[in-house]
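Below: coords_5.txt (compact mmCIF, C-alpha atoms)
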```txt
# COMPACT_ATOMS: atom_id res chain seq x y z
CA MET A 1 11.73 -45.52 -43.77
CA ALA A 2 10.58 -43.49 -46.77
CA ALA A 3 7.64 -41.20 -46.32
CA ARG A 4 4.48 -42.70 -47.68
CA ARG A 5 2.86 -40.62 -50.35
CA THR A 6 -0.89 -40.63 -50.58
CA HIS A 7 -2.95 -39.60 -53.56
CA ARG A 8 -6.52 -38.41 -53.43
CA ARG A 9 -8.55 -40.21 -55.98
CA GLY A 10 -10.56 -38.04 -58.32
CA ALA A 11 -9.35 -34.75 -56.84
CA VAL A 12 -11.19 -32.95 -59.60
CA ARG A 13 -14.82 -34.04 -59.69
CA GLY A 14 -16.18 -34.95 -63.11
CA ALA A 15 -12.68 -35.23 -64.52
CA GLY A 16 -10.94 -37.89 -66.46
CA ARG A 17 -13.27 -38.45 -69.34
CA GLY A 18 -11.37 -37.93 -72.56
CA LEU A 19 -13.40 -35.40 -74.45
CA LEU A 20 -11.79 -34.84 -77.82
CA GLU A 21 -8.64 -35.15 -79.83
CA ARG A 22 -8.04 -32.25 -82.16
CA THR A 23 -5.27 -31.38 -84.56
CA ARG A 24 -4.17 -27.79 -85.09
CA HIS A 25 -3.13 -27.67 -88.68
CA HIS A 26 -2.03 -24.89 -91.00
CA ARG A 27 -2.66 -26.95 -94.15
CA ARG A 28 -6.35 -27.64 -93.63
CA ARG A 29 -7.22 -29.20 -96.99
CA THR A 30 -4.19 -31.50 -96.80
CA ALA A 31 -5.21 -32.66 -93.30
CA ASP A 32 -8.86 -33.14 -94.26
CA ARG A 33 -7.96 -35.22 -97.35
CA PHE A 34 -5.30 -37.24 -95.50
CA TYR A 35 -7.47 -38.30 -92.54
CA HIS A 36 -10.49 -38.95 -94.75
CA ALA A 37 -8.40 -41.25 -96.95
CA LEU A 38 -6.70 -42.93 -93.99
CA PHE A 39 -9.70 -43.54 -91.72
CA GLY A 40 -12.73 -42.85 -93.91
CA TYR A 41 -13.88 -40.02 -91.66
CA THR A 42 -16.90 -38.06 -92.76
CA GLN A 43 -16.31 -34.37 -92.22
CA GLU A 44 -18.60 -31.56 -91.15
CA GLN A 45 -17.49 -27.94 -91.51
CA ILE A 46 -18.23 -25.87 -88.41
CA GLY A 47 -17.83 -22.13 -88.56
CA ASP A 48 -17.52 -19.92 -91.60
CA GLY A 49 -14.21 -21.43 -92.80
CA ARG A 50 -12.45 -18.07 -92.49
CA GLN A 51 -12.80 -16.50 -89.04
CA PHE A 52 -13.43 -19.89 -87.45
CA ASP A 53 -12.47 -22.96 -89.44
CA TYR A 54 -13.10 -26.25 -87.65
CA THR A 55 -13.96 -29.59 -89.23
CA ALA A 56 -15.56 -32.28 -87.04
CA TRP A 57 -14.59 -35.80 -88.10
CA LYS A 58 -16.86 -38.81 -87.60
CA VAL A 59 -16.28 -42.50 -88.25
CA PRO A 60 -18.35 -43.81 -91.16
CA GLY A 61 -21.93 -44.28 -89.95
CA GLY A 62 -21.19 -42.49 -86.67
CA GLN A 63 -23.30 -39.67 -85.31
CA GLU A 64 -20.84 -38.03 -82.91
CA PRO A 65 -17.46 -36.53 -83.82
CA VAL A 66 -14.47 -38.53 -82.63
CA CYS A 67 -11.93 -35.81 -83.39
CA GLY A 68 -11.46 -32.75 -85.51
CA ARG A 69 -9.21 -30.26 -87.25
CA LEU A 70 -8.81 -26.59 -86.35
CA GLN A 71 -7.23 -24.24 -88.86
CA ALA A 72 -4.17 -22.63 -87.30
CA SER A 73 -1.77 -20.13 -88.82
CA ALA A 74 1.98 -20.64 -88.76
CA ALA A 75 2.13 -17.84 -86.16
CA GLN A 76 -0.39 -19.66 -83.95
CA LEU A 77 1.74 -22.79 -84.20
CA ARG A 78 4.76 -20.64 -83.22
CA GLY A 79 6.88 -22.10 -85.98
CA GLY A 80 6.26 -25.64 -84.77
CA PRO A 81 4.60 -28.46 -86.65
CA SER A 82 0.90 -29.18 -86.79
CA ALA A 83 0.03 -31.24 -83.73
CA TRP A 84 -2.74 -33.15 -81.99
CA GLY A 85 -4.20 -31.85 -78.73
CA THR A 86 -6.13 -33.65 -76.01
CA TYR A 87 -9.12 -32.25 -74.13
CA PHE A 88 -10.40 -33.60 -70.81
CA ALA A 89 -13.89 -32.85 -69.54
CA VAL A 90 -14.09 -31.46 -66.01
CA ALA A 91 -17.00 -30.17 -63.95
CA ASP A 92 -15.28 -26.85 -63.14
CA VAL A 93 -12.38 -25.61 -65.29
CA ASP A 94 -11.24 -22.99 -62.80
CA ALA A 95 -11.10 -25.46 -59.90
CA ALA A 96 -9.32 -28.02 -62.10
CA ALA A 97 -6.74 -25.40 -63.15
CA ARG A 98 -6.02 -24.63 -59.48
CA GLU A 99 -5.62 -28.36 -58.86
CA VAL A 100 -3.14 -28.63 -61.76
CA SER A 101 -1.01 -25.91 -60.13
CA ALA A 102 -1.31 -27.49 -56.69
CA ARG A 103 -0.04 -30.80 -58.04
CA GLY A 104 3.02 -29.39 -59.82
CA GLY A 105 1.57 -28.70 -63.25
CA THR A 106 1.48 -25.39 -65.09
CA VAL A 107 -1.50 -23.33 -66.16
CA LEU A 108 -0.55 -21.81 -69.52
CA GLY A 109 -3.20 -19.10 -69.62
CA ALA A 110 -6.46 -17.91 -68.16
CA ALA A 111 -9.55 -20.00 -68.77
CA VAL A 112 -11.67 -18.67 -71.62
CA ASP A 113 -15.28 -19.15 -72.65
CA SER A 114 -15.97 -20.48 -76.15
CA PRO A 115 -19.00 -21.81 -78.00
CA PHE A 116 -17.76 -25.28 -77.01
CA GLY A 117 -17.37 -24.57 -73.29
CA ARG A 118 -14.92 -23.03 -70.86
CA MET A 119 -11.34 -24.08 -71.62
CA CYS A 120 -7.92 -23.77 -70.04
CA PRO A 121 -4.60 -25.00 -71.51
CA VAL A 122 -2.25 -26.67 -69.02
CA LEU A 123 0.90 -28.80 -68.73
CA ASP A 124 1.39 -31.79 -66.47
CA PRO A 125 4.55 -31.83 -64.27
CA SER A 126 6.51 -33.48 -67.10
CA GLY A 127 5.47 -30.88 -69.66
CA ALA A 128 2.77 -32.81 -71.54
CA ALA A 129 0.13 -30.37 -72.77
CA PHE A 130 -3.63 -30.85 -72.58
CA THR A 131 -6.71 -28.68 -72.23
CA LEU A 132 -9.33 -28.75 -69.50
CA CYS A 133 -12.88 -28.18 -70.73
CA THR A 134 -16.28 -27.71 -69.11
CA LEU A 135 -19.00 -28.25 -71.67
CA PRO A 136 -21.73 -25.63 -71.99
CA ALA A 137 -24.95 -26.41 -70.15
```
Could you render the structure as structure tokens?
Amino acid sequence: MAARRTHRRGAVRGAGRGLLERTRHHRRRTADRFYHALFGYTQEQIGDGRQFDYTAWKVPGGQEPVCGRLQASAAQLRGGPSAWGTYFAVADVDAAAREVSARGGTVLGAAVDSPFGRMCPVLDPSGAAFTLCTLPA
């Protein structure tokens, strides 16, 4: 008889809510024009456009951003293509990162504080990347 595997439900409290989809893009104007034309997104520049260049995208008539674009250099993309990233809200980033490791995932780097909350990039056991995020209070 095979061993029965049990899973704790909701091992990380406050987790599971998809927070944001974001594209890291080195051709910012191309991305902004493309997604505006494709989906009609209205765009709001956040940051100075040089040191921190992020554009929040909203559906027409919407008040809250549904996704956004972060300017990334070719070096930051490590020679790879521009890509979308997924962020999941969690109550405690550090505890969630420990849980990722305990369940066979990989923590890619130390959690960092940002104006948008505490964040930690991770991989699931199959190598799919996502970021854990605790929003600022």
Proximity of stretch 33-99 of chain A to stretch 103-112 of chain A: per-residue shortest pair, 9 Å limit, only C-alpha atoms, as CSV:
```
residue,atom,partner,partner_atom,distance
A:Val93,CA,A:Ala111,CA,7.2
A:Asp94,CA,A:Ala111,CA,6.9
A:Ala97,CA,A:Val107,CA,6.4
A:Arg98,CA,A:Val107,CA,8.2
A:Glu99,CA,A:Arg103,CA,6.1
```
Counting all atoms listed in the file, I want the residues whose atoms come within 10 Å of (-2.5, -29.3, -74.0) in the file frame, returned as a tab-separated table (two decimals) with C-alpha atoms, in the frame of the given file.
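Below you can see out.tsv, which holds the result:
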```
chain	number	residue	atom	x	y	z
A	84	TRP	CA	-2.74	-33.15	-81.99
A	85	GLY	CA	-4.20	-31.85	-78.73
A	86	THR	CA	-6.13	-33.65	-76.01
A	87	TYR	CA	-9.12	-32.25	-74.13
A	88	PHE	CA	-10.40	-33.60	-70.81
A	107	VAL	CA	-1.50	-23.33	-66.16
A	108	LEU	CA	-0.55	-21.81	-69.52
A	120	CYS	CA	-7.92	-23.77	-70.04
A	121	PRO	CA	-4.60	-25.00	-71.51
A	122	VAL	CA	-2.25	-26.67	-69.02
A	123	LEU	CA	0.90	-28.80	-68.73
A	124	ASP	CA	1.39	-31.79	-66.47
A	127	GLY	CA	5.47	-30.88	-69.66
A	128	ALA	CA	2.77	-32.81	-71.54
A	129	ALA	CA	0.13	-30.37	-72.77
A	130	PHE	CA	-3.63	-30.85	-72.58
A	131	THR	CA	-6.71	-28.68	-72.23
A	132	LEU	CA	-9.33	-28.75	-69.50
```
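Between atom CA of A:Arg33 and atom CA of A:Phe116 the separation is 24.7 Å.
Interatomic distance, atom CA of A:Arg22 against atom CA of A:Pro125: 21.9 Å.
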Quick one: axis-aligned box around all listed atoms of stretch 102-120 of chain A, 8 Å on every side, centre and edge lengths in Å to one decimal, written as lines of an AutoDock Vina configuration file.
```
center_x = -8.0
center_y = -24.4
center_z = -67.3
size_x = 38.0
size_y = 28.9
size_z = 37.3
```
Within 9 Å of A:Ile46, counting all atoms listed in the file, which residues qualify if same-chain residues fewer than 6 places away don't, as a PyMOL selection string? chain A and resi 52-56
Let's have the selection written as a PDB file, keeping the file's coordinate frame, with C-alpha atoms.
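What ended up in out_24.pdb:
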```pdb
ATOM      1  CA  PHE A  52     -13.430 -19.890 -87.450  1.00  0.00           C
ATOM      2  CA  ASP A  53     -12.470 -22.960 -89.440  1.00  0.00           C
ATOM      3  CA  TYR A  54     -13.100 -26.250 -87.650  1.00  0.00           C
ATOM      4  CA  THR A  55     -13.960 -29.590 -89.230  1.00  0.00           C
ATOM      5  CA  ALA A  56     -15.560 -32.280 -87.040  1.00  0.00           C
TER       6      ALA A  56
END
```
Do you know which residues are at most 8 Å from A:Pro136 counting only C-alpha atoms, after dropping those on the same chain fewer than 6 positions away, and could you put them as a list in words? Pro115, Phe116, Gly117 and Arg118 of chain A
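Distance-wise, atom CA of A:Arg27 and atom CA of A:Gly62 end up 25.3 Å apart.
Contact shell of A:Pro81 at 10 Å (all atoms listed in the file; same-chain neighbours under 5 positions omitted): A:Arg24, A:His25, A:His26, A:Ala74.
Here the question is which of A:Ala137, A:Val66, A:Ala72, A:Val59 gets nearest to A:Ala31 using all atoms listed in the file, and that residue is A:Ala72.
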